[in-house]
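Heads up, query.txt below (compact mmCIF, N, CA and C atoms):
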```
# COMPACT_ATOMS: atom_id res chain seq x y z
N MET A 1 -21.94 11.33 4.48
CA MET A 1 -22.09 12.57 5.21
C MET A 1 -23.52 13.07 4.99
N GLU A 2 -24.20 13.29 6.09
CA GLU A 2 -25.58 13.78 6.03
C GLU A 2 -25.58 15.30 5.94
N THR A 3 -26.47 15.84 5.11
CA THR A 3 -26.60 17.29 4.98
C THR A 3 -27.88 17.73 5.67
N ILE A 4 -27.75 18.73 6.55
CA ILE A 4 -28.87 19.18 7.37
C ILE A 4 -28.91 20.71 7.38
N PRO A 5 -30.09 21.29 7.21
CA PRO A 5 -30.19 22.75 7.35
C PRO A 5 -29.78 23.17 8.77
N ILE A 6 -29.10 24.28 8.87
CA ILE A 6 -28.57 24.71 10.16
C ILE A 6 -29.68 24.94 11.19
N THR A 7 -30.86 25.36 10.74
CA THR A 7 -31.97 25.55 11.69
C THR A 7 -32.39 24.22 12.31
N GLU A 8 -32.41 23.17 11.51
CA GLU A 8 -32.72 21.84 12.04
C GLU A 8 -31.59 21.35 12.94
N ALA A 9 -30.35 21.59 12.53
CA ALA A 9 -29.19 21.17 13.32
C ALA A 9 -29.20 21.80 14.71
N LYS A 10 -29.61 23.07 14.79
CA LYS A 10 -29.67 23.75 16.09
C LYS A 10 -30.61 23.01 17.04
N ALA A 11 -31.72 22.55 16.53
CA ALA A 11 -32.69 21.85 17.37
C ALA A 11 -32.21 20.46 17.76
N ARG A 12 -31.27 19.89 17.00
CA ARG A 12 -30.80 18.52 17.24
C ARG A 12 -29.32 18.46 17.63
N ILE A 13 -28.74 19.58 18.02
CA ILE A 13 -27.28 19.65 18.19
C ILE A 13 -26.73 18.60 19.15
N ALA A 14 -27.40 18.37 20.28
CA ALA A 14 -26.90 17.39 21.25
C ALA A 14 -26.91 15.99 20.65
N GLU A 15 -27.99 15.64 19.97
CA GLU A 15 -28.09 14.33 19.32
C GLU A 15 -27.01 14.17 18.25
N LEU A 16 -26.85 15.18 17.40
CA LEU A 16 -25.87 15.11 16.32
C LEU A 16 -24.45 15.02 16.86
N ALA A 17 -24.15 15.80 17.90
CA ALA A 17 -22.82 15.75 18.50
C ALA A 17 -22.55 14.38 19.10
N ASP A 18 -23.55 13.79 19.75
CA ASP A 18 -23.39 12.47 20.33
C ASP A 18 -23.13 11.43 19.24
N ARG A 19 -23.89 11.48 18.16
CA ARG A 19 -23.69 10.53 17.06
C ARG A 19 -22.33 10.75 16.40
N ALA A 20 -21.92 12.00 16.24
CA ALA A 20 -20.61 12.27 15.64
C ALA A 20 -19.51 11.66 16.49
N GLN A 21 -19.64 11.79 17.80
CA GLN A 21 -18.61 11.25 18.70
C GLN A 21 -18.66 9.72 18.74
N ARG A 22 -19.84 9.15 18.94
CA ARG A 22 -20.00 7.71 19.10
C ARG A 22 -19.81 6.93 17.81
N GLU A 23 -20.43 7.41 16.75
CA GLU A 23 -20.50 6.66 15.49
C GLU A 23 -19.59 7.21 14.41
N HIS A 24 -18.88 8.26 14.71
CA HIS A 24 -18.03 8.94 13.72
C HIS A 24 -18.84 9.38 12.51
N ALA A 25 -20.09 9.81 12.77
CA ALA A 25 -20.94 10.35 11.70
C ALA A 25 -20.45 11.76 11.38
N ASP A 26 -20.57 12.15 10.12
CA ASP A 26 -20.21 13.50 9.67
C ASP A 26 -21.48 14.20 9.24
N TYR A 27 -21.51 15.49 9.43
CA TYR A 27 -22.66 16.28 9.01
C TYR A 27 -22.20 17.55 8.32
N THR A 28 -22.89 17.90 7.25
CA THR A 28 -22.72 19.19 6.63
C THR A 28 -23.96 20.00 6.97
N PHE A 29 -23.77 21.17 7.54
CA PHE A 29 -24.87 22.05 7.86
C PHE A 29 -24.96 23.11 6.78
N THR A 30 -26.17 23.31 6.27
CA THR A 30 -26.37 24.30 5.23
C THR A 30 -27.01 25.56 5.80
N LYS A 31 -26.68 26.66 5.18
CA LYS A 31 -27.26 27.95 5.52
C LYS A 31 -27.74 28.56 4.22
N ASN A 32 -29.01 28.89 4.18
CA ASN A 32 -29.62 29.40 2.94
C ASN A 32 -29.42 28.42 1.78
N GLY A 33 -29.48 27.12 2.09
CA GLY A 33 -29.37 26.08 1.06
C GLY A 33 -27.97 25.77 0.59
N ARG A 34 -26.97 26.43 1.16
CA ARG A 34 -25.58 26.18 0.73
C ARG A 34 -24.76 25.60 1.87
N PRO A 35 -23.85 24.68 1.57
CA PRO A 35 -23.00 24.13 2.63
C PRO A 35 -22.26 25.24 3.36
N ALA A 36 -22.31 25.21 4.69
CA ALA A 36 -21.67 26.26 5.48
C ALA A 36 -20.61 25.73 6.42
N VAL A 37 -20.92 24.65 7.16
CA VAL A 37 -19.97 24.10 8.12
C VAL A 37 -20.11 22.57 8.17
N VAL A 38 -19.10 21.95 8.73
CA VAL A 38 -19.09 20.50 8.89
C VAL A 38 -18.92 20.17 10.36
N MET A 39 -19.63 19.13 10.81
CA MET A 39 -19.44 18.62 12.17
C MET A 39 -18.88 17.20 12.05
N MET A 40 -17.83 16.94 12.81
CA MET A 40 -17.25 15.60 12.89
C MET A 40 -16.67 15.42 14.28
N SER A 41 -16.37 14.19 14.64
CA SER A 41 -15.80 13.93 15.96
C SER A 41 -14.39 14.50 16.04
N VAL A 42 -13.96 14.77 17.26
CA VAL A 42 -12.59 15.25 17.47
C VAL A 42 -11.59 14.21 17.00
N ALA A 43 -11.91 12.93 17.22
CA ALA A 43 -11.00 11.86 16.78
C ALA A 43 -10.83 11.89 15.26
N GLN A 44 -11.93 12.08 14.53
CA GLN A 44 -11.82 12.17 13.07
C GLN A 44 -11.04 13.41 12.65
N TYR A 45 -11.31 14.51 13.30
CA TYR A 45 -10.59 15.76 12.98
C TYR A 45 -9.09 15.59 13.23
N ASP A 46 -8.73 15.04 14.39
CA ASP A 46 -7.31 14.83 14.70
C ASP A 46 -6.65 13.92 13.67
N SER A 47 -7.34 12.86 13.29
CA SER A 47 -6.80 11.93 12.29
C SER A 47 -6.61 12.63 10.94
N LEU A 48 -7.58 13.43 10.55
CA LEU A 48 -7.49 14.17 9.30
C LEU A 48 -6.31 15.14 9.32
N MET A 49 -6.14 15.85 10.43
CA MET A 49 -5.03 16.81 10.54
C MET A 49 -3.68 16.09 10.51
N GLU A 50 -3.61 14.93 11.16
CA GLU A 50 -2.37 14.16 11.14
C GLU A 50 -2.05 13.68 9.72
N THR A 51 -3.07 13.21 9.02
CA THR A 51 -2.89 12.77 7.64
C THR A 51 -2.41 13.92 6.76
N LEU A 52 -3.03 15.08 6.91
CA LEU A 52 -2.61 16.24 6.13
C LEU A 52 -1.17 16.63 6.44
N SER A 53 -0.82 16.55 7.70
CA SER A 53 0.55 16.88 8.10
C SER A 53 1.56 15.92 7.45
N ILE A 54 1.24 14.64 7.49
CA ILE A 54 2.13 13.63 6.89
C ILE A 54 2.24 13.85 5.39
N LEU A 55 1.10 14.04 4.73
CA LEU A 55 1.11 14.17 3.28
C LEU A 55 1.67 15.50 2.79
N SER A 56 1.76 16.49 3.68
CA SER A 56 2.31 17.78 3.26
C SER A 56 3.83 17.82 3.41
N ASP A 57 4.42 16.78 3.98
CA ASP A 57 5.87 16.71 4.15
C ASP A 57 6.48 15.93 2.99
N PRO A 58 7.19 16.59 2.08
CA PRO A 58 7.73 15.91 0.90
C PRO A 58 8.65 14.73 1.25
N GLU A 59 9.44 14.86 2.30
CA GLU A 59 10.34 13.76 2.67
C GLU A 59 9.56 12.54 3.14
N THR A 60 8.53 12.76 3.92
CA THR A 60 7.69 11.65 4.39
C THR A 60 6.98 10.99 3.22
N ARG A 61 6.44 11.79 2.29
CA ARG A 61 5.79 11.23 1.10
C ARG A 61 6.77 10.38 0.29
N ARG A 62 7.99 10.87 0.17
CA ARG A 62 9.02 10.13 -0.56
C ARG A 62 9.32 8.80 0.14
N ASP A 63 9.46 8.85 1.47
CA ASP A 63 9.71 7.62 2.24
C ASP A 63 8.57 6.61 2.08
N LEU A 64 7.32 7.11 2.12
CA LEU A 64 6.17 6.22 1.95
C LEU A 64 6.16 5.59 0.57
N ALA A 65 6.46 6.37 -0.45
CA ALA A 65 6.49 5.86 -1.82
C ALA A 65 7.59 4.80 -1.98
N GLU A 66 8.76 5.06 -1.40
CA GLU A 66 9.86 4.09 -1.48
C GLU A 66 9.50 2.80 -0.77
N ALA A 67 8.87 2.89 0.39
CA ALA A 67 8.47 1.70 1.14
C ALA A 67 7.45 0.89 0.35
N ALA A 68 6.50 1.58 -0.27
CA ALA A 68 5.47 0.89 -1.06
C ALA A 68 6.09 0.19 -2.26
N GLU A 69 7.01 0.87 -2.93
CA GLU A 69 7.65 0.28 -4.12
C GLU A 69 8.53 -0.90 -3.77
N SER A 70 9.21 -0.83 -2.63
CA SER A 70 10.14 -1.89 -2.25
C SER A 70 9.46 -3.05 -1.53
N GLY A 71 8.22 -2.83 -1.11
CA GLY A 71 7.52 -3.87 -0.35
C GLY A 71 7.95 -3.91 1.10
N GLU A 72 8.71 -2.92 1.54
CA GLU A 72 9.20 -2.88 2.92
C GLU A 72 8.20 -2.14 3.81
N PHE A 73 7.08 -2.80 4.07
CA PHE A 73 6.08 -2.21 4.95
C PHE A 73 5.34 -3.34 5.65
N THR A 74 4.63 -3.00 6.68
CA THR A 74 3.86 -3.97 7.45
C THR A 74 2.39 -3.73 7.16
N THR A 75 1.69 -4.80 6.80
CA THR A 75 0.26 -4.67 6.52
C THR A 75 -0.49 -4.47 7.83
N GLU A 76 -1.73 -4.03 7.71
CA GLU A 76 -2.58 -3.83 8.89
C GLU A 76 -2.76 -5.16 9.63
N GLU A 77 -2.95 -6.24 8.88
CA GLU A 77 -3.14 -7.55 9.50
C GLU A 77 -1.88 -7.99 10.23
N ASP A 78 -0.71 -7.80 9.59
CA ASP A 78 0.55 -8.16 10.24
C ASP A 78 0.78 -7.33 11.50
N MET A 79 0.45 -6.05 11.44
CA MET A 79 0.64 -5.18 12.60
C MET A 79 -0.28 -5.61 13.74
N ALA A 80 -1.52 -5.96 13.42
CA ALA A 80 -2.45 -6.43 14.45
C ALA A 80 -1.91 -7.69 15.12
N GLU A 81 -1.34 -8.58 14.33
CA GLU A 81 -0.76 -9.81 14.88
C GLU A 81 0.45 -9.50 15.75
N LEU A 82 1.31 -8.61 15.28
CA LEU A 82 2.48 -8.22 16.07
C LEU A 82 2.09 -7.57 17.40
N MET A 83 1.11 -6.67 17.34
CA MET A 83 0.68 -6.00 18.56
C MET A 83 -0.03 -6.96 19.50
N GLY A 84 -0.81 -7.88 18.94
CA GLY A 84 -1.47 -8.89 19.76
C GLY A 84 -0.46 -9.75 20.49
N ALA A 85 0.59 -10.15 19.77
CA ALA A 85 1.65 -10.95 20.39
C ALA A 85 2.37 -10.16 21.48
N ARG A 86 2.62 -8.89 21.21
CA ARG A 86 3.29 -8.04 22.19
C ARG A 86 2.45 -7.88 23.45
N LEU A 87 1.13 -7.83 23.27
CA LEU A 87 0.22 -7.66 24.40
C LEU A 87 -0.21 -9.00 25.01
N GLY A 88 0.34 -10.09 24.48
CA GLY A 88 0.05 -11.42 25.04
C GLY A 88 -1.30 -11.96 24.63
N ARG A 89 -1.82 -11.52 23.50
CA ARG A 89 -3.11 -12.00 23.02
C ARG A 89 -2.90 -13.02 21.91
N ASP A 90 -3.77 -14.00 21.88
CA ASP A 90 -3.72 -14.99 20.82
C ASP A 90 -4.28 -14.36 19.55
N PRO A 91 -3.48 -14.22 18.48
CA PRO A 91 -3.96 -13.54 17.27
C PRO A 91 -5.09 -14.30 16.58
N ARG A 92 -5.26 -15.57 16.89
CA ARG A 92 -6.33 -16.37 16.27
C ARG A 92 -7.65 -16.25 17.01
N ALA A 93 -7.61 -15.60 18.20
CA ALA A 93 -8.84 -15.51 19.02
C ALA A 93 -9.78 -14.45 18.50
```
This entry written out as structure tokens:
Amino acid sequence: METIPITEAKARIAELADRAQREHADYTFTKNGRPAVVMMSVAQYDSLMETLSILSDPETRRDLAEAAESGEFTTEEDMAELMGARLGRDPRA
């Protein structure tokens, strides 16, 4: 996460917003030398809010812990292969 004085950020706002959206770059803007606000893409913000929602639900946390302990989960690689097969893509391509 890059830290930028808010006066500099004002002059570069379009560039920073574009990079945040395209590259998922994060920025902390400082005011009077202290962190004041954060800029991130909407996609990152939505993902963060979804994660917080999931982790704030005790039942969901319990289910996740049980799945991890029992080994009853699908890895990212397995899920990519399953979705590729569902979409008719060769997983080896």
Would you pick out the contacts of A:Ala17 at 8 Å or less, using only N, CA and C atoms, so that residues sharing its chain but fewer than 6 positions from it are not included, and give the list as a PyMOL selection string? chain A and resi 23+39-41
Counting only C-alpha atoms, find residues at most 12 Å from (-27.6, 27.9, 2.6) (file frame) and give them as a ChimeraX atom specification. /A:3-7,28-37
Kindly extract all protein, DNA and RNA residues lying within 12 Å of the coordinates (-19.0, 10.5, 18.5) given in the file, considering only C-alpha atoms, and supply them as number ranges by chain. A: 14-27, 39-45
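Across chain A, DSSP run on the backbone finds strand (DSSP E or B) at Glu2, Thr3, Ile4, Pro5, Tyr27, Thr28, Phe29, Thr30, Lys31, Arg34, Pro35, Ala36, Val37, Val38 and Met39 of chain A.
Reported to one decimal place, the separation of atom CA of A:Phe73 from atom CA of A:Ala85 is 18.3 Å.
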DSSP alpha helix (DSSP H) residues within stretch 1-78 of chain A, listed as a ChimeraX atom specification: /A:6-11,13-23,42-55,58-70,76-78
Between atom N of A:Glu76 and atom C of A:Arg62, what is the spacing in Å? 18.5 Å
Give the padded box for stretch 40-56 of chain A as AutoDock Vina command-line options: axis-aligned, covering all atoms listed in the file, 8 Å on each side, centre and edge lengths in Å to one decimal.
```
--center_x -7.0 --center_y 14.8 --center_z 10.1 --size_x 37.7 --size_y 22.0 --size_z 30.7
```
Separation of atom CA of A:Met79 and atom CA of A:Ser56, in Å? 24.8 Å
Would you please take chain A of the structure in the block above and write C-alpha atoms to a file as a PDB file, in the first residue's frame?
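Here's the written file out14.pdb:
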```pdb
ATOM      1  CA  MET A   1       0.000   0.000   0.000  1.00  0.00           C
ATOM      2  CA  GLU A   2       1.459   3.308  -1.109  1.00  0.00           C
ATOM      3  CA  THR A   3       1.193   6.302   1.218  1.00  0.00           C
ATOM      4  CA  ILE A   4       0.611   9.680  -0.435  1.00  0.00           C
ATOM      5  CA  PRO A   5      -0.037  13.150   1.003  1.00  0.00           C
ATOM      6  CA  ILE A   6      -3.612  14.167   0.249  1.00  0.00           C
ATOM      7  CA  THR A   7      -2.449  17.307  -1.596  1.00  0.00           C
ATOM      8  CA  GLU A   8      -0.456  15.139  -4.005  1.00  0.00           C
ATOM      9  CA  ALA A   9      -3.346  12.669  -4.290  1.00  0.00           C
ATOM     10  CA  LYS A  10      -5.699  15.488  -5.339  1.00  0.00           C
ATOM     11  CA  ALA A  11      -3.437  16.310  -8.262  1.00  0.00           C
ATOM     12  CA  ARG A  12      -3.208  12.623  -9.281  1.00  0.00           C
ATOM     13  CA  ILE A  13      -6.712  11.412  -8.380  1.00  0.00           C
ATOM     14  CA  ALA A  14      -7.668  10.184 -11.874  1.00  0.00           C
ATOM     15  CA  GLU A  15      -4.399   8.270 -12.261  1.00  0.00           C
ATOM     16  CA  LEU A  16      -4.643   6.754  -8.770  1.00  0.00           C
ATOM     17  CA  ALA A  17      -8.276   5.752  -9.248  1.00  0.00           C
ATOM     18  CA  ASP A  18      -7.424   4.117 -12.573  1.00  0.00           C
ATOM     19  CA  ARG A  19      -4.539   2.158 -11.030  1.00  0.00           C
ATOM     20  CA  ALA A  20      -6.689   1.147  -8.057  1.00  0.00           C
ATOM     21  CA  GLN A  21      -9.331  -0.208 -10.414  1.00  0.00           C
ATOM     22  CA  ARG A  22      -7.002  -1.830 -12.982  1.00  0.00           C
ATOM     23  CA  GLU A  23      -4.178  -3.078 -10.780  1.00  0.00           C
ATOM     24  CA  HIS A  24      -5.948  -3.379  -7.427  1.00  0.00           C
ATOM     25  CA  ALA A  25      -3.419  -0.924  -5.983  1.00  0.00           C
ATOM     26  CA  ASP A  26      -4.209   0.463  -2.519  1.00  0.00           C
ATOM     27  CA  TYR A  27      -3.364   3.937  -1.321  1.00  0.00           C
ATOM     28  CA  THR A  28      -3.298   5.581   2.065  1.00  0.00           C
ATOM     29  CA  PHE A  29      -3.751   9.334   1.872  1.00  0.00           C
ATOM     30  CA  THR A  30      -2.238  11.365   4.677  1.00  0.00           C
ATOM     31  CA  LYS A  31      -3.408  14.681   6.033  1.00  0.00           C
ATOM     32  CA  ASN A  32      -0.958  16.684   8.115  1.00  0.00           C
ATOM     33  CA  GLY A  33       1.386  13.672   8.003  1.00  0.00           C
ATOM     34  CA  ARG A  34      -1.136  11.239   9.488  1.00  0.00           C
ATOM     35  CA  PRO A  35      -3.083   8.498   7.708  1.00  0.00           C
ATOM     36  CA  ALA A  36      -6.553   9.844   6.925  1.00  0.00           C
ATOM     37  CA  VAL A  37      -8.244   7.751   4.224  1.00  0.00           C
ATOM     38  CA  VAL A  38      -7.687   4.708   2.039  1.00  0.00           C
ATOM     39  CA  MET A  39      -8.419   4.283  -1.659  1.00  0.00           C
ATOM     40  CA  MET A  40      -9.012   0.822  -3.107  1.00  0.00           C
ATOM     41  CA  SER A  41     -10.986  -0.656  -5.979  1.00  0.00           C
ATOM     42  CA  VAL A  42     -14.670  -1.403  -5.528  1.00  0.00           C
ATOM     43  CA  ALA A  43     -13.887  -5.072  -6.220  1.00  0.00           C
ATOM     44  CA  GLN A  44     -11.391  -5.135  -3.339  1.00  0.00           C
ATOM     45  CA  TYR A  45     -13.807  -3.314  -1.056  1.00  0.00           C
ATOM     46  CA  ASP A  46     -16.653  -5.714  -1.894  1.00  0.00           C
ATOM     47  CA  SER A  47     -14.379  -8.705  -1.287  1.00  0.00           C
ATOM     48  CA  LEU A  48     -13.242  -7.286   2.044  1.00  0.00           C
ATOM     49  CA  MET A  49     -16.828  -6.649   3.155  1.00  0.00           C
ATOM     50  CA  GLU A  50     -17.851 -10.175   2.138  1.00  0.00           C
ATOM     51  CA  THR A  51     -14.924 -11.639   4.075  1.00  0.00           C
ATOM     52  CA  LEU A  52     -15.830  -9.601   7.151  1.00  0.00           C
ATOM     53  CA  SER A  53     -19.426 -10.728   6.871  1.00  0.00           C
ATOM     54  CA  ILE A  54     -18.417 -14.384   6.661  1.00  0.00           C
ATOM     55  CA  LEU A  55     -15.936 -14.139   9.524  1.00  0.00           C
ATOM     56  CA  SER A  56     -18.386 -12.264  11.752  1.00  0.00           C
ATOM     57  CA  ASP A  57     -20.902 -15.136  11.589  1.00  0.00           C
ATOM     58  CA  PRO A  58     -20.045 -17.642  14.358  1.00  0.00           C
ATOM     59  CA  GLU A  59     -21.902 -20.500  12.642  1.00  0.00           C
ATOM     60  CA  THR A  60     -20.052 -19.971   9.372  1.00  0.00           C
ATOM     61  CA  ARG A  61     -16.705 -19.789  11.202  1.00  0.00           C
ATOM     62  CA  ARG A  62     -17.565 -23.035  12.973  1.00  0.00           C
ATOM     63  CA  ASP A  63     -18.478 -24.698   9.651  1.00  0.00           C
ATOM     64  CA  LEU A  64     -15.210 -23.516   8.079  1.00  0.00           C
ATOM     65  CA  ALA A  65     -13.177 -24.829  11.018  1.00  0.00           C
ATOM     66  CA  GLU A  66     -14.944 -28.206  10.877  1.00  0.00           C
ATOM     67  CA  ALA A  67     -14.354 -28.496   7.128  1.00  0.00           C
ATOM     68  CA  ALA A  68     -10.669 -27.656   7.549  1.00  0.00           C
ATOM     69  CA  GLU A  69     -10.230 -30.174  10.365  1.00  0.00           C
ATOM     70  CA  SER A  70     -12.047 -32.956   8.523  1.00  0.00           C
ATOM     71  CA  GLY A  71     -10.376 -32.303   5.179  1.00  0.00           C
ATOM     72  CA  GLU A  72     -13.813 -31.924   3.577  1.00  0.00           C
ATOM     73  CA  PHE A  73     -13.044 -28.989   1.333  1.00  0.00           C
ATOM     74  CA  THR A  74     -12.090 -28.294  -2.259  1.00  0.00           C
ATOM     75  CA  THR A  75      -8.733 -26.710  -2.973  1.00  0.00           C
ATOM     76  CA  GLU A  76      -8.419 -23.747  -5.326  1.00  0.00           C
ATOM     77  CA  GLU A  77      -6.711 -25.984  -7.890  1.00  0.00           C
ATOM     78  CA  ASP A  78      -9.442 -28.635  -7.661  1.00  0.00           C
ATOM     79  CA  MET A  79     -12.141 -25.978  -7.998  1.00  0.00           C
ATOM     80  CA  ALA A  80     -10.442 -24.496 -11.079  1.00  0.00           C
ATOM     81  CA  GLU A  81     -10.350 -27.973 -12.630  1.00  0.00           C
ATOM     82  CA  LEU A  82     -14.004 -28.622 -11.773  1.00  0.00           C
ATOM     83  CA  MET A  83     -15.107 -25.277 -13.186  1.00  0.00           C
ATOM     84  CA  GLY A  84     -12.975 -25.755 -16.295  1.00  0.00           C
ATOM     85  CA  ALA A  85     -14.596 -29.133 -16.896  1.00  0.00           C
ATOM     86  CA  ARG A  86     -18.046 -27.651 -16.337  1.00  0.00           C
ATOM     87  CA  LEU A  87     -17.287 -24.911 -18.866  1.00  0.00           C
ATOM     88  CA  GLY A  88     -15.846 -27.416 -21.355  1.00  0.00           C
ATOM     89  CA  ARG A  89     -12.243 -26.263 -21.004  1.00  0.00           C
ATOM     90  CA  ASP A  90      -9.257 -28.558 -20.954  1.00  0.00           C
ATOM     91  CA  PRO A  91      -7.770 -28.131 -17.442  1.00  0.00           C
ATOM     92  CA  ARG A  92      -4.292 -28.907 -18.816  1.00  0.00           C
ATOM     93  CA  ALA A  93      -4.437 -26.053 -21.359  1.00  0.00           C
TER      94      ALA A  93
END
```
